[in-house]
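Inspection log for the structure reproduced underneath, given as structure tokens.
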Amino acid sequence: RDFCLSRGLGDVYKRQFLRWTWPSMKELVLHSNSVDGSGLIALLRAEGFEALHRLDLHENAFVEVPSEGEGAAPAPLVFDEDFRGPREPFALDLVSCGLHRDTVIALAQTYCLEEVTSLWLGGNAICVEGAAALGSTVRVAQLTALDVEDCGLGDEGLAALFVPGSPGVLSGLESLFLQGNGLTDASARVLPGVGFMRLRELSLLGNLFGVGWVEAIASCAGFASLDALWLSGNPLGDAGLELLAGATHLRLKTLGLEEVGASARGLIALVTGCVMEGLETLHVDCEAWTDEVTHALASSRSSQHLESLDVGEWSWGEEALTALATSTNLRALGWVDVDRDDELTELLGALHEAGATLNPWTDAALSARDLELSNG
């Protein structure tokens, strides 16, 4: 049912592999095996793979395929319009496979895409034209996950991918990954116009936008279904965090806000805002984190569902750690990114012996302390 092989599939074995039948295989992973364009087409055509639910061909070279005859120049990868893949809906991972815009345009015109429910194209230079081809075909309307990370889209490419009224408008997406595409505030209103029905995860890591995108997300009811939002690596500043903090329609469970150029002021607004209600995992800047922010978090009733806190390599003070360990608002907090050194162990041990009720994240440190004591 599952087969995984990385960096080891020779040409002879590739040909033999396609001759076998795999009537029950659900998942096939062939990372970094130099499967070329002809190999991709052969895999998708092979009758033995009709039951596939996931085909992962990450980091294989699909830029071109060899022509017939020795010494002939390589021919470009070509998809016929009637080309079909497995008969069952499946996930297709083509991350970092050297695809360019012409190949993506050809792929968008094939019947093969009609069976793909998750399409991973990150790290391929599909550019504006490739994005337009994907966004304008009804054959991607059934997609639930789309990854176009580091695909050189820019604002123009994003607008081409999500054209209002287009048959491939992609409003049924549940996961969308747009990190590293040089997006600015000029494209902030593109996604709110899509009319997402059940978008659960949105990654916008490492772009170039500021307050404009945050304002669009914070004010659009179409993002109310989001569980996870990743905004790290964008210059949002305090204004961006303050806007996000007041987003009453967001019910996030995971929020990423590392390296966003904010100060303690913005973080305090965030951890005391309504966006924290229901939040389970928070990733934020260690450079902007202070003891004042820690106390604000510990005293905020909005933080009662927080289970995991990652602030990077922050040097926690004794008062801040005490607040994290004993706050009644942080009873769900099971993990904090802190160094379990002797000072932390000693502090938590003293609180425990004094009868304080400690939050779950302290369990590991106390267990280590008990083990050391039992070993003398």
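Chain labels follow the order of the structure tokens: the first chain is A, the next B, and so on; residue numbering restarts at 1 in every chain, and ligands are counted from 1 in their shown order.
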
Long-range neighbours of Leu231 (chain A) as a ChimeraX atom specification, 9 Å cut-off, only C-alpha atoms, 6 positions minimum in chain: /A:179,202-207,214,255-258,260

Alpha helix (DSSP H) call set, DSSP backbone run, region 156-250 of chain A, as a list of chain:residue names: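 Matching residues for alpha helix (DSSP H) in region 156-250 of chain A are A:Glu156, A:Gly157, A:Leu158, A:Ala159, A:Ala160, A:Leu161, A:Val211, A:Gly212, A:Trp213, A:Val214, A:Glu215, A:Ala216, A:Ile217, A:Ala218, A:Ser219, A:Gly237, A:Asp238, A:Ala239, A:Gly240, A:Leu241, A:Glu242, A:Leu243, A:Leu244, A:Ala245.
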
Write the residues you've just listed into a file as a PDB file, in the first residue's frame, and include C-alpha atoms for each of them.
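Written out: result_6.pdb:
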```
ATOM      1  CA  GLU A 156       0.535  40.056 -10.934  1.00  0.00           C
ATOM      2  CA  GLY A 157       0.863  36.278 -10.753  1.00  0.00           C
ATOM      3  CA  LEU A 158      -1.380  36.063  -7.683  1.00  0.00           C
ATOM      4  CA  ALA A 159      -4.047  38.106  -9.467  1.00  0.00           C
ATOM      5  CA  ALA A 160      -3.744  35.799 -12.490  1.00  0.00           C
ATOM      6  CA  LEU A 161      -4.143  32.700 -10.333  1.00  0.00           C
ATOM      7  CA  VAL A 211      -0.377  46.349   7.147  1.00  0.00           C
ATOM      8  CA  GLY A 212      -2.431  46.091   3.929  1.00  0.00           C
ATOM      9  CA  TRP A 213      -2.566  42.295   3.912  1.00  0.00           C
ATOM     10  CA  VAL A 214      -3.283  42.113   7.660  1.00  0.00           C
ATOM     11  CA  GLU A 215      -6.138  44.579   7.274  1.00  0.00           C
ATOM     12  CA  ALA A 216      -7.594  42.535   4.407  1.00  0.00           C
ATOM     13  CA  ILE A 217      -7.439  39.280   6.404  1.00  0.00           C
ATOM     14  CA  ALA A 218      -8.700  40.885   9.612  1.00  0.00           C
ATOM     15  CA  SER A 219     -11.708  42.475   7.918  1.00  0.00           C
ATOM     16  CA  GLY A 237       5.171  46.140  12.623  1.00  0.00           C
ATOM     17  CA  ASP A 238       3.132  47.021  15.696  1.00  0.00           C
ATOM     18  CA  ALA A 239       0.291  48.365  13.556  1.00  0.00           C
ATOM     19  CA  GLY A 240      -0.100  44.997  11.857  1.00  0.00           C
ATOM     20  CA  LEU A 241      -0.200  43.080  15.144  1.00  0.00           C
ATOM     21  CA  GLU A 242      -2.690  45.543  16.628  1.00  0.00           C
ATOM     22  CA  LEU A 243      -4.987  45.061  13.641  1.00  0.00           C
ATOM     23  CA  LEU A 244      -4.668  41.290  13.903  1.00  0.00           C
ATOM     24  CA  ALA A 245      -5.332  41.358  17.643  1.00  0.00           C
TER      25      ALA A 245
END
```

Nearest to Thr326 (chain A) by atom-to-atom distance, counting only C-alpha atoms, from A:Gly222, A:Gly355, A:Gly154, A:Gly182: A:Gly355

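We find CA of Glu149 (chain A) and CA of Leu183 (chain A) to be spaced 11.4 Å apart.
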
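Between Leu309 (chain A) and the candidates A:Gly165, A:Gly334, A:Pro192, A:Gly210, the tightest atom-to-atom separation, counting only C-alpha atoms, involves A:Gly334.
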
Using only C-alpha atoms: which of A:Met197, A:Leu170, A:Leu119, A:Leu153 has the shortest distance to Ala141 (chain A):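 So, comparing all the options, the nearest one is A:Leu170.
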
Members of region 144-229 of chain A assigned strand (DSSP E or B) by DSSP, as number ranges by chain: A: 145-147, 175-177, 201-203, 228-229

Nearby residues (only C-alpha atoms) at most 8 Å from Ser136 (chain A), same-chain spacing under 3 positions excluded, as an NGL selection string: :A and (132-133 or 161 or 163 or 166-169)

With N, CA and C atoms retained, write the just-selected residues as a PDB file, in the first residue's frame.
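Dumped to part_31.pdb:
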```pdb
ATOM      1  N   ALA A 132      -1.609  31.989 -14.593  1.00  0.00           N
ATOM      2  CA  ALA A 132      -2.819  32.301 -15.346  1.00  0.00           C
ATOM      3  C   ALA A 132      -3.432  31.052 -15.951  1.00  0.00           C
ATOM      4  N   ALA A 133      -2.587  30.129 -16.431  1.00  0.00           N
ATOM      5  CA  ALA A 133      -3.089  28.888 -17.016  1.00  0.00           C
ATOM      6  C   ALA A 133      -3.794  28.036 -15.964  1.00  0.00           C
ATOM      7  N   LEU A 161      -3.758  34.006 -10.868  1.00  0.00           N
ATOM      8  CA  LEU A 161      -4.143  32.700 -10.333  1.00  0.00           C
ATOM      9  C   LEU A 161      -5.563  32.708  -9.777  1.00  0.00           C
ATOM     10  N   VAL A 163      -8.650  34.728 -10.424  1.00  0.00           N
ATOM     11  CA  VAL A 163      -9.445  35.690 -11.186  1.00  0.00           C
ATOM     12  C   VAL A 163     -10.916  35.513 -10.815  1.00  0.00           C
ATOM     13  N   SER A 166     -13.655  33.242 -12.725  1.00  0.00           N
ATOM     14  CA  SER A 166     -12.988  32.251 -13.566  1.00  0.00           C
ATOM     15  C   SER A 166     -13.464  30.856 -13.189  1.00  0.00           C
ATOM     16  N   PRO A 167     -13.530  29.911 -14.146  1.00  0.00           N
ATOM     17  CA  PRO A 167     -13.958  28.540 -13.817  1.00  0.00           C
ATOM     18  C   PRO A 167     -13.006  27.835 -12.855  1.00  0.00           C
ATOM     19  N   GLY A 168     -11.760  28.291 -12.790  1.00  0.00           N
ATOM     20  CA  GLY A 168     -10.810  27.681 -11.869  1.00  0.00           C
ATOM     21  C   GLY A 168     -10.512  28.566 -10.682  1.00  0.00           C
ATOM     22  N   VAL A 169     -11.514  29.240 -10.164  1.00  0.00           N
ATOM     23  CA  VAL A 169     -11.315  30.263  -9.138  1.00  0.00           C
ATOM     24  C   VAL A 169     -10.752  29.697  -7.839  1.00  0.00           C
TER      25      VAL A 169
END
```

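Restricting the calculation to only C-alpha atoms, the smallest distance between Asn124 (chain A) and any of A:Val148, A:Ala262, A:Val140, A:Val311 is found for A:Val148.
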
Computed interatomic separation between CA of Ala323 (chain A) and CA of Trp335 (chain A) (Å):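 Separating CA of Ala323 (chain A) from CA of Trp335 (chain A) is a distance of 14.5 Å.
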
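Using only C-alpha atoms, the smallest distance between any of A:Glu115, A:Asp147, A:Glu27, A:Asp155 and Val128 (chain A) comes from A:Asp155.
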